[in-house]
Amino acid sequence: MTFKYMTVTGADDDTNIRGMIELSKEYNFLEWGLLFPLLGHPRFPSLEWFKQLREEVKQKDVKLNLSAHLCFDMLDSALANKLAEDYLKGFNRVQLNFHGIDHFWLKDELEPLFKFIETNANRKIIFQFDGVNDKWILEYLDINKYPNIQYLFDTSSGAGILPNTFPMPYSGVTCGFAGGLGPDNLKDVVTTFKETLNPTKSFWIDMETRVRTKGKFDLNKVAQCAEIVAKTVWGRHPI
């Protein structure tokens, strides 16, 4: 297997930006999933915090792996191709969060979505396999025509519920796994992936609920998870 990212989602205004930067220096596989729109609520950072993040990264000349997770009206704007490009500047991946809501369209109604994927050909576009939208994703999104799409398996729709079993990833596309992952079970789950996935298969994991403590994003838990991944995947702390 080829481990791509450990994505931690939900940093917000209470999250120490310099702490994020230091962890990224230490663990180069760490990716920060930021939830949009920018509301200044728990899990959804404010525009001011977001600007500060960009400024800190620029001043310190560091690279942060960032993914934009679009929700609610921000998702609608993206699908209508009305999302300002500046929002996505610096993001290598964009995740479209349908949150278990049926977004099934007829194929002739999907042209704006196709255009969004094509316009962002330099980014990976992540679609959630949540048990609701799987059918139209598989039916209408040709991975040969759109090689920048990726799949995230999360039947809990962000609720942090560990499934009884994770599905095997589809061939020809990079897949991610989410739902209930955290410090208490991460070693066992990643070990299972290591033992069962094809050695050449690329994948990532995403955590949100279980890297929070009393509702707050917890960088100590992020660090703990990153160290577990490093030792489980590579057998050592990353250099």
# chains A, B, ... in the order shown; residues from 1 in each chain; ligands from 1

call {"tool": "select_by_dssp", "arguments": {"residues": "stretch 24-200 of chain A", "states": "helix (DSSP H, G or I)", "output": "ChimeraX atom specification"}}
result
/A:24-26,47-60,72-79,85-88,107-109,111-119,134-140,186-196

call {"tool": "closest_atom_pairs", "arguments": {"of": "stretch 43-89 of chain A", "to": "stretch 123-140 of chain A", "cutoff": "10 Å", "atoms": "only C-alpha atoms", "output": "Markdown table"}}
result
| residue | atom | partner | partner_atom | distance |
| --- | --- | --- | --- | --- |
| A:Ser67 | CA | A:Lys124 | CA | 9.1 |
| A:Ala68 | CA | A:Ile125 | CA | 9.7 |
| A:His69 | CA | A:Ile126 | CA | 8.9 |
| A:Leu88 | CA | A:Arg123 | CA | 9.6 |

call {"tool": "write_last_selection", "arguments": {"atoms": "all heavy atoms", "output": "mmCIF file, in the first residue's frame"}}
result
data_model
loop_
_atom_site.group_PDB
_atom_site.id
_atom_site.type_symbol
_atom_site.label_atom_id
_atom_site.label_comp_id
_atom_site.auth_asym_id
_atom_site.auth_seq_id
_atom_site.Cartn_x
_atom_site.Cartn_y
_atom_site.Cartn_z
ATOM 1 N N SER A 67 -6.684 20.598 2.410
ATOM 2 C CA SER A 67 -7.841 20.214 1.603
ATOM 3 C C SER A 67 -9.030 21.053 2.049
ATOM 4 O O SER A 67 -9.245 21.257 3.249
ATOM 5 C CB SER A 67 -8.152 18.715 1.742
ATOM 6 O OG SER A 67 -8.369 18.354 3.087
ATOM 7 N N ALA A 68 -9.774 21.558 1.080
ATOM 8 C CA ALA A 68 -10.968 22.356 1.355
ATOM 9 C C ALA A 68 -12.184 21.440 1.322
ATOM 10 O O ALA A 68 -12.421 20.755 0.313
ATOM 11 C CB ALA A 68 -11.116 23.468 0.319
ATOM 12 N N HIS A 69 -12.921 21.415 2.422
ATOM 13 C CA HIS A 69 -14.114 20.572 2.505
ATOM 14 C C HIS A 69 -15.337 21.483 2.417
ATOM 15 O O HIS A 69 -15.658 22.207 3.362
ATOM 16 C CB HIS A 69 -14.113 19.782 3.810
ATOM 17 C CG HIS A 69 -13.002 18.789 3.909
ATOM 18 N ND1 HIS A 69 -13.084 17.648 4.675
ATOM 19 C CD2 HIS A 69 -11.773 18.761 3.336
ATOM 20 C CE1 HIS A 69 -11.956 16.956 4.563
ATOM 21 N NE2 HIS A 69 -11.135 17.626 3.761
ATOM 22 N N LEU A 88 -9.947 28.825 -2.886
ATOM 23 C CA LEU A 88 -9.279 27.545 -3.085
ATOM 24 C C LEU A 88 -7.780 27.676 -3.324
ATOM 25 O O LEU A 88 -7.098 26.673 -3.507
ATOM 26 C CB LEU A 88 -9.927 26.800 -4.258
ATOM 27 C CG LEU A 88 -11.422 26.485 -4.107
ATOM 28 C CD1 LEU A 88 -11.915 25.694 -5.304
ATOM 29 C CD2 LEU A 88 -11.696 25.724 -2.811
#

call {"tool": "select_by_dssp", "arguments": {"residues": "stretch 107-214 of chain A", "states": "strand (DSSP E)", "output": "PyMOL selection string"}}
result
chain A and resi 124-129+149-153+175-178+202-207+212-213

call {"tool": "closest_residue", "arguments": {"among": "A:Ala223, A:Val211, A:Met1, A:Leu34", "to": "A:Phe50", "atoms": "only C-alpha atoms"}}
result
A:Leu34

call {"tool": "residues_around", "arguments": {"residues": "stretch 164-181 of chain A", "least_positions_apart": "3", "cutoff": "10 Å", "atoms": "only C-alpha atoms", "output": "CSV table (one decimal) with all heavy atoms, in the first residue's frame"}}
result
chain,number,residue,atom,x,y,z
A,2,THR,N,0.3,2.3,-0.5
A,2,THR,CA,1.0,3.6,-0.5
A,2,THR,C,0.2,4.6,0.3
A,2,THR,O,-0.9,5.0,-0.1
A,2,THR,CB,1.3,4.1,-1.9
A,2,THR,OG1,2.0,3.2,-2.7
A,2,THR,CG2,2.0,5.5,-1.9
A,3,PHE,N,0.7,5.0,1.5
A,3,PHE,CA,0.0,5.9,2.3
A,3,PHE,C,0.2,7.3,1.9
A,3,PHE,O,1.3,7.8,1.8
A,3,PHE,CB,0.4,5.7,3.8
A,3,PHE,CG,-0.4,6.4,4.8
A,3,PHE,CD1,-1.6,5.9,5.3
A,3,PHE,CD2,-0.1,7.7,5.2
A,3,PHE,CE1,-2.4,6.6,6.2
A,3,PHE,CE2,-0.8,8.4,6.1
A,3,PHE,CZ,-2.0,7.9,6.6
A,4,LYS,N,-0.9,8.0,1.5
A,4,LYS,CA,-0.8,9.4,1.0
A,4,LYS,C,-0.9,10.4,2.1
A,4,LYS,O,0.0,11.3,2.2
A,4,LYS,CB,-1.8,9.6,-0.1
A,4,LYS,CG,-1.7,8.7,-1.3
A,4,LYS,CD,-0.5,8.9,-2.1
A,4,LYS,CE,-0.5,10.3,-2.8
A,4,LYS,NZ,0.7,10.5,-3.7
A,5,TYR,N,-2.0,10.4,2.8
A,5,TYR,CA,-2.3,11.5,3.8
A,5,TYR,C,-2.9,10.9,5.0
A,5,TYR,O,-3.7,10.0,5.0
A,5,TYR,CB,-3.2,12.5,3.2
A,5,TYR,CG,-2.7,13.3,2.0
A,5,TYR,CD1,-3.3,13.2,0.8
A,5,TYR,CD2,-1.6,14.2,2.2
A,5,TYR,CE1,-2.8,13.9,-0.3
A,5,TYR,CE2,-1.1,14.9,1.1
A,5,TYR,CZ,-1.7,14.8,-0.1
A,5,TYR,OH,-1.3,15.5,-1.2
A,6,MET,N,-2.7,11.6,6.1
A,6,MET,CA,-3.5,11.5,7.3
A,6,MET,C,-4.2,12.8,7.4
A,6,MET,O,-3.6,13.8,7.8
A,6,MET,CB,-2.7,11.2,8.6
A,6,MET,CG,-3.6,11.0,9.8
A,6,MET,SD,-2.7,10.9,11.4
A,6,MET,CE,-2.8,12.6,11.9
A,7,THR,N,-5.4,12.9,7.0
A,7,THR,CA,-6.2,14.1,7.0
A,7,THR,C,-6.9,14.3,8.4
A,7,THR,O,-7.5,13.4,8.8
A,7,THR,CB,-7.2,14.2,5.9
A,7,THR,OG1,-6.6,13.9,4.6
A,7,THR,CG2,-7.9,15.5,5.8
A,124,LYS,N,-7.2,17.6,-6.8
A,124,LYS,CA,-8.0,16.4,-6.7
A,124,LYS,C,-9.3,16.7,-6.1
A,124,LYS,O,-9.4,17.5,-5.2
A,124,LYS,CB,-7.3,15.4,-5.7
A,124,LYS,CG,-5.8,15.0,-6.1
A,124,LYS,CD,-5.8,14.3,-7.5
A,124,LYS,CE,-4.4,13.9,-7.9
A,124,LYS,NZ,-4.4,13.3,-9.2
A,126,ILE,N,-12.6,15.3,-4.3
A,126,ILE,CA,-13.0,14.1,-3.5
A,126,ILE,C,-14.5,14.1,-3.4
A,126,ILE,O,-15.2,15.0,-3.1
A,126,ILE,CB,-12.4,14.3,-2.1
A,126,ILE,CG1,-10.9,14.4,-2.2
A,126,ILE,CG2,-12.8,13.0,-1.3
A,126,ILE,CD1,-10.3,14.8,-0.8
A,127,PHE,N,-15.1,12.9,-3.7
A,127,PHE,CA,-16.5,12.6,-3.6
A,127,PHE,C,-16.7,11.6,-2.4
A,127,PHE,O,-16.0,10.6,-2.3
A,127,PHE,CB,-17.1,12.0,-4.9
A,127,PHE,CG,-17.2,13.1,-6.0
A,127,PHE,CD1,-16.1,13.3,-6.8
A,127,PHE,CD2,-18.3,13.8,-6.2
A,127,PHE,CE1,-16.1,14.3,-7.8
A,127,PHE,CE2,-18.4,14.7,-7.2
A,127,PHE,CZ,-17.3,15.0,-8.0
A,128,GLN,N,-17.7,11.8,-1.6
A,128,GLN,CA,-18.0,11.0,-0.5
A,128,GLN,C,-18.9,9.8,-0.9
A,128,GLN,O,-20.0,10.0,-1.5
A,128,GLN,CB,-18.8,11.7,0.6
A,128,GLN,CG,-17.9,12.8,1.3
A,128,GLN,CD,-18.8,13.5,2.3
A,128,GLN,OE1,-19.8,14.1,2.0
A,128,GLN,NE2,-18.4,13.5,3.6
A,129,PHE,N,-18.4,8.6,-0.6
A,129,PHE,CA,-19.3,7.4,-0.7
A,129,PHE,C,-19.9,7.2,0.6
A,129,PHE,O,-19.4,6.7,1.6
A,129,PHE,CB,-18.4,6.2,-1.1
A,129,PHE,CG,-18.3,6.0,-2.6
A,129,PHE,CD1,-17.7,7.0,-3.3
A,129,PHE,CD2,-18.7,4.9,-3.2
A,129,PHE,CE1,-17.6,6.9,-4.7
A,129,PHE,CE2,-18.5,4.7,-4.6
A,129,PHE,CZ,-18.0,5.8,-5.4
A,143,ILE,N,-13.8,7.8,-14.3
A,143,ILE,CA,-12.5,8.1,-13.8
A,143,ILE,C,-11.5,8.2,-15.0
A,143,ILE,O,-10.4,8.8,-14.8
A,143,ILE,CB,-12.1,7.1,-12.8
A,143,ILE,CG1,-12.0,5.7,-13.4
A,143,ILE,CG2,-12.9,7.1,-11.6
A,143,ILE,CD1,-11.4,4.6,-12.5
A,144,ASN,N,-11.8,7.7,-16.1
A,144,ASN,CA,-10.9,7.8,-17.3
A,144,ASN,C,-11.0,9.2,-17.9
A,144,ASN,O,-10.0,9.8,-18.3
A,144,ASN,CB,-11.2,6.8,-18.3
A,144,ASN,CG,-10.9,5.4,-17.8
A,144,ASN,OD1,-9.9,5.1,-17.3
A,144,ASN,ND2,-11.9,4.5,-18.0
A,147,PRO,N,-9.6,12.0,-14.4
A,147,PRO,CA,-8.6,11.3,-13.6
A,147,PRO,C,-8.2,12.0,-12.2
A,147,PRO,O,-7.5,11.4,-11.4
A,147,PRO,CB,-7.4,11.3,-14.5
A,147,PRO,CG,-7.5,12.5,-15.4
A,147,PRO,CD,-9.0,12.6,-15.6
A,148,ASN,N,-8.8,13.2,-12.0
A,148,ASN,CA,-8.5,14.0,-10.8
A,148,ASN,C,-9.5,13.7,-9.7
A,148,ASN,O,-9.4,14.3,-8.6
A,148,ASN,CB,-8.3,15.5,-11.0
A,148,ASN,CG,-9.6,16.1,-11.6
A,148,ASN,OD1,-10.3,15.5,-12.5
A,148,ASN,ND2,-9.9,17.3,-11.2
A,149,ILE,N,-10.5,12.8,-9.9
A,149,ILE,CA,-11.4,12.5,-8.9
A,149,ILE,C,-10.9,11.4,-7.9
A,149,ILE,O,-10.2,10.5,-8.3
A,149,ILE,CB,-12.8,12.2,-9.4
A,149,ILE,CG1,-12.8,10.9,-10.2
A,149,ILE,CG2,-13.4,13.3,-10.2
A,149,ILE,CD1,-14.1,10.4,-10.7
A,150,GLN,N,-11.3,11.5,-6.7
A,150,GLN,CA,-11.0,10.5,-5.6
A,150,GLN,C,-12.2,10.2,-4.8
A,150,GLN,O,-13.2,11.0,-4.8
A,150,GLN,CB,-9.9,11.1,-4.7
A,150,GLN,CG,-8.6,11.4,-5.5
A,150,GLN,CD,-7.5,11.8,-4.5
A,150,GLN,OE1,-7.7,12.4,-3.5
A,150,GLN,NE2,-6.2,11.7,-5.0
A,151,TYR,N,-12.2,9.1,-4.1
A,151,TYR,CA,-13.4,8.7,-3.4
A,151,TYR,C,-13.1,8.6,-1.9
A,151,TYR,O,-12.0,8.1,-1.5
A,151,TYR,CB,-13.9,7.3,-3.8
A,151,TYR,CG,-14.3,7.1,-5.3
A,151,TYR,CD1,-14.2,5.9,-5.9
A,151,TYR,CD2,-14.8,8.2,-6.0
A,151,TYR,CE1,-14.6,5.7,-7.2
A,151,TYR,CE2,-15.2,8.1,-7.3
A,151,TYR,CZ,-15.1,6.8,-7.9
A,151,TYR,OH,-15.4,6.7,-9.2
A,152,LEU,N,-14.0,9.1,-1.0
A,152,LEU,CA,-13.8,8.9,0.4
A,152,LEU,C,-15.0,8.1,0.9
A,152,LEU,O,-16.1,8.5,0.8
A,152,LEU,CB,-13.8,10.3,1.1
A,152,LEU,CG,-13.8,10.2,2.6
A,152,LEU,CD1,-12.5,9.7,3.1
A,152,LEU,CD2,-14.1,11.6,3.2
A,153,PHE,N,-14.7,7.0,1.5
A,153,PHE,CA,-15.7,6.1,2.1
A,153,PHE,C,-16.0,6.6,3.5
A,153,PHE,O,-15.2,6.6,4.4
A,153,PHE,CB,-15.2,4.7,2.2
A,153,PHE,CG,-15.0,4.0,0.8
A,153,PHE,CD1,-13.7,3.9,0.3
A,153,PHE,CD2,-16.1,3.6,0.1
A,153,PHE,CE1,-13.5,3.3,-0.9
A,153,PHE,CE2,-15.9,3.1,-1.2
A,153,PHE,CZ,-14.6,2.9,-1.7
A,154,ASP,N,-17.2,7.1,3.8
A,154,ASP,CA,-17.6,7.6,5.1
A,154,ASP,C,-19.1,7.5,5.2
A,154,ASP,O,-19.9,8.5,4.9
A,154,ASP,CB,-17.2,9.1,5.3
A,154,ASP,CG,-17.5,9.6,6.7
A,154,ASP,OD1,-18.0,8.7,7.6
A,154,ASP,OD2,-17.4,10.8,7.0
A,155,THR,N,-19.6,6.3,5.6
A,155,THR,CA,-21.0,6.1,5.8
A,155,THR,C,-21.6,6.8,7.0
A,155,THR,O,-22.8,6.9,7.2
A,155,THR,CB,-21.4,4.6,5.9
A,155,THR,OG1,-20.6,4.1,6.9
A,155,THR,CG2,-21.0,3.9,4.6
A,156,SER,N,-20.7,7.4,7.9
A,156,SER,CA,-21.2,8.1,9.0
A,156,SER,C,-21.5,9.6,8.7
A,156,SER,O,-22.0,10.3,9.6
A,156,SER,CB,-20.2,8.0,10.2
A,156,SER,OG,-19.1,8.8,10.0
A,157,SER,N,-21.1,10.0,7.5
A,157,SER,CA,-21.4,11.4,7.1
A,157,SER,C,-20.8,12.4,8.1
A,157,SER,O,-21.4,13.4,8.5
A,157,SER,CB,-22.8,11.7,6.9
A,157,SER,OG,-23.4,10.8,5.9
A,158,GLY,N,-19.6,12.1,8.6
A,158,GLY,CA,-18.9,13.0,9.6
A,158,GLY,C,-19.3,12.8,11.0
A,158,GLY,O,-18.9,13.6,11.9
A,159,ALA,N,-20.1,11.8,11.3
A,159,ALA,CA,-20.6,11.6,12.7
A,159,ALA,C,-19.5,10.9,13.6
A,159,ALA,O,-19.7,10.7,14.8
A,159,ALA,CB,-21.9,10.8,12.7
A,160,GLY,N,-18.5,10.4,13.0
A,160,GLY,CA,-17.4,9.7,13.7
A,160,GLY,C,-17.8,8.3,14.2
A,160,GLY,O,-17.3,7.9,15.3
A,161,ILE,N,-18.6,7.6,13.4
A,161,ILE,CA,-19.0,6.2,13.8
A,161,ILE,C,-18.1,5.2,13.0
A,161,ILE,O,-18.1,5.3,11.8
A,161,ILE,CB,-20.5,6.0,13.5
A,161,ILE,CG1,-21.3,7.0,14.3
A,161,ILE,CG2,-20.9,4.6,13.8
A,161,ILE,CD1,-22.8,7.0,13.9
A,184,ASP,N,-7.4,5.6,19.7
A,184,ASP,CA,-7.7,4.3,20.4
A,184,ASP,C,-7.8,3.2,19.4
A,184,ASP,O,-7.6,2.0,19.8
A,184,ASP,CB,-9.0,4.4,21.2
A,184,ASP,CG,-10.2,4.8,20.4
A,184,ASP,OD1,-10.0,5.5,19.4
A,184,ASP,OD2,-11.3,4.5,20.8
A,185,ASN,N,-8.0,3.4,18.1
A,185,ASN,CA,-8.2,2.3,17.2
A,185,ASN,C,-7.4,2.4,15.9
A,185,ASN,O,-7.4,1.5,15.1
A,185,ASN,CB,-9.7,2.2,16.8
A,185,ASN,CG,-10.3,3.4,16.2
A,185,ASN,OD1,-9.5,4.2,15.6
A,185,ASN,ND2,-11.6,3.6,16.3
A,186,LEU,N,-6.6,3.5,15.8
A,186,LEU,CA,-5.9,3.8,14.6
A,186,LEU,C,-4.9,2.8,14.2
A,186,LEU,O,-4.8,2.3,13.0
A,186,LEU,CB,-5.3,5.2,14.7
A,186,LEU,CG,-4.7,5.8,13.4
A,186,LEU,CD1,-5.8,5.9,12.3
A,186,LEU,CD2,-4.2,7.2,13.6
A,187,LYS,N,-4.1,2.3,15.2
A,187,LYS,CA,-3.1,1.3,14.9
A,187,LYS,C,-3.7,0.0,14.3
A,187,LYS,O,-3.2,-0.5,13.3
A,187,LYS,CB,-2.3,1.0,16.2
A,187,LYS,CG,-1.2,0.0,16.0
A,187,LYS,CD,-0.4,-0.3,17.2
A,187,LYS,CE,0.7,-1.3,17.0
A,187,LYS,NZ,1.4,-1.6,18.2
A,189,VAL,N,-6.6,-0.4,12.7
A,189,VAL,CA,-7.2,-0.1,11.4
A,189,VAL,C,-6.1,0.0,10.3
A,189,VAL,O,-6.2,-0.6,9.3
A,189,VAL,CB,-8.1,1.1,11.5
A,189,VAL,CG1,-8.6,1.5,10.0
A,189,VAL,CG2,-9.3,0.9,12.4
A,190,VAL,N,-5.1,0.8,10.6
A,190,VAL,CA,-4.0,1.0,9.6
A,190,VAL,C,-3.2,-0.3,9.4
A,190,VAL,O,-2.8,-0.6,8.3
A,190,VAL,CB,-3.0,2.1,10.1
A,190,VAL,CG1,-1.9,2.2,9.1
A,190,VAL,CG2,-3.8,3.5,10.1
A,192,THR,N,-4.6,-3.2,9.5
A,192,THR,CA,-5.4,-4.0,8.6
A,192,THR,C,-5.3,-3.6,7.2
A,192,THR,O,-5.2,-4.4,6.2
A,192,THR,CB,-6.9,-3.9,9.0
A,192,THR,OG1,-7.1,-4.4,10.4
A,192,THR,CG2,-7.8,-4.6,8.1
A,193,PHE,N,-5.3,-2.3,6.9
A,193,PHE,CA,-5.0,-1.7,5.6
A,193,PHE,C,-3.7,-2.2,5.0
A,193,PHE,O,-3.6,-2.6,3.9
A,193,PHE,CB,-5.1,-0.2,5.5
A,193,PHE,CG,-6.4,0.4,5.8
A,193,PHE,CD1,-6.6,1.6,6.4
A,193,PHE,CD2,-7.6,-0.3,5.4
A,193,PHE,CE1,-7.8,2.2,6.6
A,193,PHE,CE2,-8.8,0.3,5.7
A,193,PHE,CZ,-8.9,1.5,6.3
A,196,THR,N,-4.0,-5.9,4.0
A,196,THR,CA,-5.0,-6.3,3.0
A,196,THR,C,-4.9,-5.6,1.7
A,196,THR,O,-5.3,-6.1,0.7
A,196,THR,CB,-6.4,-6.2,3.6
A,196,THR,OG1,-6.6,-4.8,4.0
A,196,THR,CG2,-6.6,-7.1,4.8
A,197,LEU,N,-4.4,-4.3,1.7
A,197,LEU,CA,-4.4,-3.6,0.4
A,197,LEU,C,-3.3,-4.0,-0.5
A,197,LEU,O,-2.2,-4.3,0.0
A,197,LEU,CB,-4.4,-2.1,0.7
A,197,LEU,CG,-5.6,-1.4,1.4
A,197,LEU,CD1,-5.4,0.1,1.6
A,197,LEU,CD2,-6.9,-1.7,0.7
A,198,ASN,N,-3.5,-3.9,-1.7
A,198,ASN,CA,-2.4,-4.1,-2.7
A,198,ASN,C,-1.2,-3.2,-2.4
A,198,ASN,O,-1.4,-2.0,-2.1
A,198,ASN,CB,-2.9,-3.9,-4.1
A,198,ASN,CG,-2.0,-4.2,-5.2
A,198,ASN,OD1,-0.9,-3.7,-5.3
A,198,ASN,ND2,-2.3,-5.2,-6.0
A,201,LYS,N,-1.4,0.1,-4.0
A,201,LYS,CA,-2.6,0.9,-3.9
A,201,LYS,C,-2.4,2.1,-3.0
A,201,LYS,O,-1.9,2.1,-1.9
A,201,LYS,CB,-3.7,0.1,-3.3
A,201,LYS,CG,-5.1,0.8,-3.1
A,201,LYS,CD,-5.6,1.1,-4.5
A,201,LYS,CE,-6.9,1.9,-4.4
A,201,LYS,NZ,-7.4,2.3,-5.7
A,202,SER,N,-2.8,3.3,-3.5
A,202,SER,CA,-2.7,4.6,-2.8
A,202,SER,C,-4.0,4.8,-2.0
A,202,SER,O,-5.1,4.6,-2.5
A,202,SER,CB,-2.4,5.7,-3.7
A,202,SER,OG,-1.1,5.6,-4.3
A,203,PHE,N,-3.8,5.3,-0.8
A,203,PHE,CA,-5.0,5.6,0.0
A,203,PHE,C,-4.7,6.6,1.1
A,203,PHE,O,-3.5,6.9,1.3
A,203,PHE,CB,-5.6,4.3,0.7
A,203,PHE,CG,-4.9,3.9,2.0
A,203,PHE,CD1,-5.5,4.1,3.2
A,203,PHE,CD2,-3.7,3.3,1.9
A,203,PHE,CE1,-4.8,3.8,4.4
A,203,PHE,CE2,-3.0,2.9,3.1
A,203,PHE,CZ,-3.6,3.1,4.3
A,204,TRP,N,-5.7,7.2,1.7
A,204,TRP,CA,-5.5,8.1,2.8
A,204,TRP,C,-6.6,7.8,3.9
A,204,TRP,O,-7.6,7.1,3.6
A,204,TRP,CB,-5.6,9.6,2.4
A,204,TRP,CG,-6.9,10.2,2.2
A,204,TRP,CD1,-7.6,11.0,3.1
A,204,TRP,CD2,-7.8,10.1,1.0
A,204,TRP,NE1,-8.8,11.4,2.6
A,204,TRP,CE2,-8.9,10.9,1.3
A,204,TRP,CE3,-7.7,9.5,-0.2
A,204,TRP,CZ2,-10.0,11.0,0.4
A,204,TRP,CZ3,-8.7,9.7,-1.1
A,204,TRP,CH2,-9.8,10.4,-0.8
A,205,ILE,N,-6.4,8.4,5.1
A,205,ILE,CA,-7.5,8.3,6.1
A,205,ILE,C,-7.8,9.7,6.5
A,205,ILE,O,-7.0,10.7,6.4
A,205,ILE,CB,-7.0,7.5,7.3
A,205,ILE,CG1,-5.7,8.1,7.9
A,205,ILE,CG2,-6.8,6.0,7.0
A,205,ILE,CD1,-5.2,7.5,9.2
A,206,ASP,N,-9.0,9.9,7.0
A,206,ASP,CA,-9.5,11.2,7.5
A,206,ASP,C,-10.2,11.0,8.8
A,206,ASP,O,-11.0,10.1,9.1
A,206,ASP,CB,-10.6,11.7,6.4
A,206,ASP,CG,-11.0,13.1,6.7
A,206,ASP,OD1,-11.4,13.4,7.9
A,206,ASP,OD2,-11.0,13.9,5.8
A,207,MET,N,-9.8,11.9,9.7
A,207,MET,CA,-10.4,11.9,11.1
A,207,MET,C,-10.9,13.3,11.4
A,207,MET,O,-10.4,14.3,11.0
A,207,MET,CB,-9.3,11.6,12.1
A,207,MET,CG,-8.8,10.1,12.0
A,207,MET,SD,-7.4,9.8,13.1
A,207,MET,CE,-6.1,10.5,12.1
A,208,GLU,N,-12.0,13.3,12.2
A,208,GLU,CA,-12.6,14.6,12.6
A,208,GLU,C,-13.0,14.5,14.1
A,208,GLU,O,-12.4,15.2,14.9
A,208,GLU,CB,-13.8,14.9,11.7
A,208,GLU,CG,-14.4,16.3,12.0
A,208,GLU,CD,-15.5,16.7,11.0
A,208,GLU,OE1,-15.5,16.1,9.9
A,208,GLU,OE2,-16.2,17.6,11.3
A,209,THR,N,-14.1,13.8,14.3
A,209,THR,CA,-14.7,13.8,15.7
A,209,THR,C,-13.7,13.3,16.8
A,209,THR,O,-13.6,13.9,17.8
A,209,THR,CB,-15.9,12.9,15.7
A,209,THR,OG1,-16.9,13.4,14.7
A,209,THR,CG2,-16.6,12.9,17.1
A,210,ARG,N,-12.9,12.3,16.5
A,210,ARG,CA,-12.1,11.7,17.5
A,210,ARG,C,-10.7,12.4,17.7
A,210,ARG,O,-9.9,11.9,18.4
A,210,ARG,CB,-12.0,10.2,17.3
A,210,ARG,CG,-13.3,9.5,17.4
A,210,ARG,CD,-13.2,8.1,17.7
A,210,ARG,NE,-14.5,7.4,17.7
A,210,ARG,CZ,-14.7,6.2,18.1
A,210,ARG,NH1,-13.7,5.4,18.5
A,210,ARG,NH2,-15.9,5.7,18.1
A,211,VAL,N,-10.5,13.5,17.0
A,211,VAL,CA,-9.3,14.3,17.3
A,211,VAL,C,-9.8,15.6,18.0
A,211,VAL,O,-9.1,16.6,17.9
A,211,VAL,CB,-8.5,14.6,16.0
A,211,VAL,CG1,-7.8,13.3,15.6
A,211,VAL,CG2,-9.3,15.2,14.9
A,225,CYS,N,-1.9,10.6,16.9
A,225,CYS,CA,-2.3,9.8,15.7
A,225,CYS,C,-1.2,9.8,14.6
A,225,CYS,O,-1.0,8.8,14.0
A,225,CYS,CB,-3.6,10.4,15.1
A,225,CYS,SG,-5.1,10.2,16.1

call {"tool": "closest_atom_pairs", "arguments": {"of": "stretch 64-85 of chain A", "to": "stretch 19-22 of chain A", "cutoff": "12 Å", "atoms": "only C-alpha atoms", "output": "Markdown table"}}
result
| residue | atom | partner | partner_atom | distance |
| --- | --- | --- | --- | --- |
| A:Leu64 | CA | A:Ile21 | CA | 7.1 |
| A:Asn65 | CA | A:Ile21 | CA | 10.1 |
| A:Leu66 | CA | A:Met20 | CA | 11.2 |

call {"tool": "write_last_selection", "arguments": {"atoms": "C-alpha atoms", "output": "tab-separated table (two decimals), in the first residue's frame"}}
result
chain	number	residue	atom	x	y	z
A	64	LEU	CA	1.03	22.78	4.49
A	65	ASN	CA	-0.99	20.03	2.88
A	66	LEU	CA	-4.49	21.54	2.76

call {"tool": "residues_around", "arguments": {"residues": "A:Lys221", "least_positions_apart": "3", "cutoff": "9 Å", "atoms": "only C-alpha atoms", "output": "JSON, numbers by chain"}}
result
{"A": [182, 183, 210, 211, 212, 213, 217, 218, 224, 225, 226]}

call {"tool": "closest_residue", "arguments": {"among": "A:Ser24, A:Tyr87, A:Asn16, A:Ala80", "to": "A:Leu47", "atoms": "only C-alpha atoms"}}
result
A:Tyr87

call {"tool": "atom_distance", "arguments": {"atom1": "atom CA of A:Asp13", "atom2": "atom CA of A:Gly40"}}
result
6.5 Å

call {"tool": "atom_distance", "arguments": {"atom1": "atom CA of A:Leu53", "atom2": "atom CA of A:Gly10"}}
result
14.0 Å

call {"tool": "closest_residue", "arguments": {"among": "A:Leu35, A:Asp188, A:Leu219, A:Thr119", "to": "A:Leu83", "atoms": "only C-alpha atoms"}}
result
A:Thr119

call {"tool": "closest_residue", "arguments": {"among": "A:Lys115, A:Arg93, A:Lys25, A:Arg18", "to": "A:Gln59", "atoms": "only C-alpha atoms"}}
result
A:Arg18

call {"tool": "atom_distance", "arguments": {"atom1": "atom CA of A:Asn122", "atom2": "atom CA of A:Ala78"}}
result
15.6 Å

call {"tool": "residues_around", "arguments": {"residues": "A:Glu85", "least_positions_apart": "4", "cutoff": "12 Å", "atoms": "only C-alpha atoms", "output": "list in words"}}
result
Ser77, Ala78, Asn81, Lys89, Gly90, Phe91, Phe116, Thr119 and Asn120 of chain A

call {"tool": "decode", "arguments": {"residues": "stretch 111-116 of chain A", "atoms": "N, CA and C atoms", "output": "PDB file, in the first residue's frame"}}
result
ATOM      1  N   GLU A 111     -23.950  18.967 -15.804  1.00  0.00           N
ATOM      2  CA  GLU A 111     -22.940  19.724 -16.539  1.00  0.00           C
ATOM      3  C   GLU A 111     -22.153  20.700 -15.661  1.00  0.00           C
ATOM      4  N   PRO A 112     -22.795  21.441 -14.721  1.00  0.00           N
ATOM      5  CA  PRO A 112     -22.006  22.330 -13.853  1.00  0.00           C
ATOM      6  C   PRO A 112     -20.973  21.572 -13.020  1.00  0.00           C
ATOM      7  N   LEU A 113     -21.331  20.372 -12.559  1.00  0.00           N
ATOM      8  CA  LEU A 113     -20.383  19.570 -11.791  1.00  0.00           C
ATOM      9  C   LEU A 113     -19.215  19.134 -12.664  1.00  0.00           C
ATOM     10  N   PHE A 114     -19.510  18.685 -13.876  1.00  0.00           N
ATOM     11  CA  PHE A 114     -18.438  18.303 -14.796  1.00  0.00           C
ATOM     12  C   PHE A 114     -17.506  19.490 -15.043  1.00  0.00           C
ATOM     13  N   LYS A 115     -18.099  20.657 -15.207  1.00  0.00           N
ATOM     14  CA  LYS A 115     -17.297  21.857 -15.455  1.00  0.00           C
ATOM     15  C   LYS A 115     -16.408  22.176 -14.264  1.00  0.00           C
ATOM     16  N   PHE A 116     -16.944  22.006 -13.043  1.00  0.00           N
ATOM     17  CA  PHE A 116     -16.145  22.263 -11.842  1.00  0.00           C
ATOM     18  C   PHE A 116     -14.943  21.327 -11.789  1.00  0.00           C
TER      19      PHE A 116
END
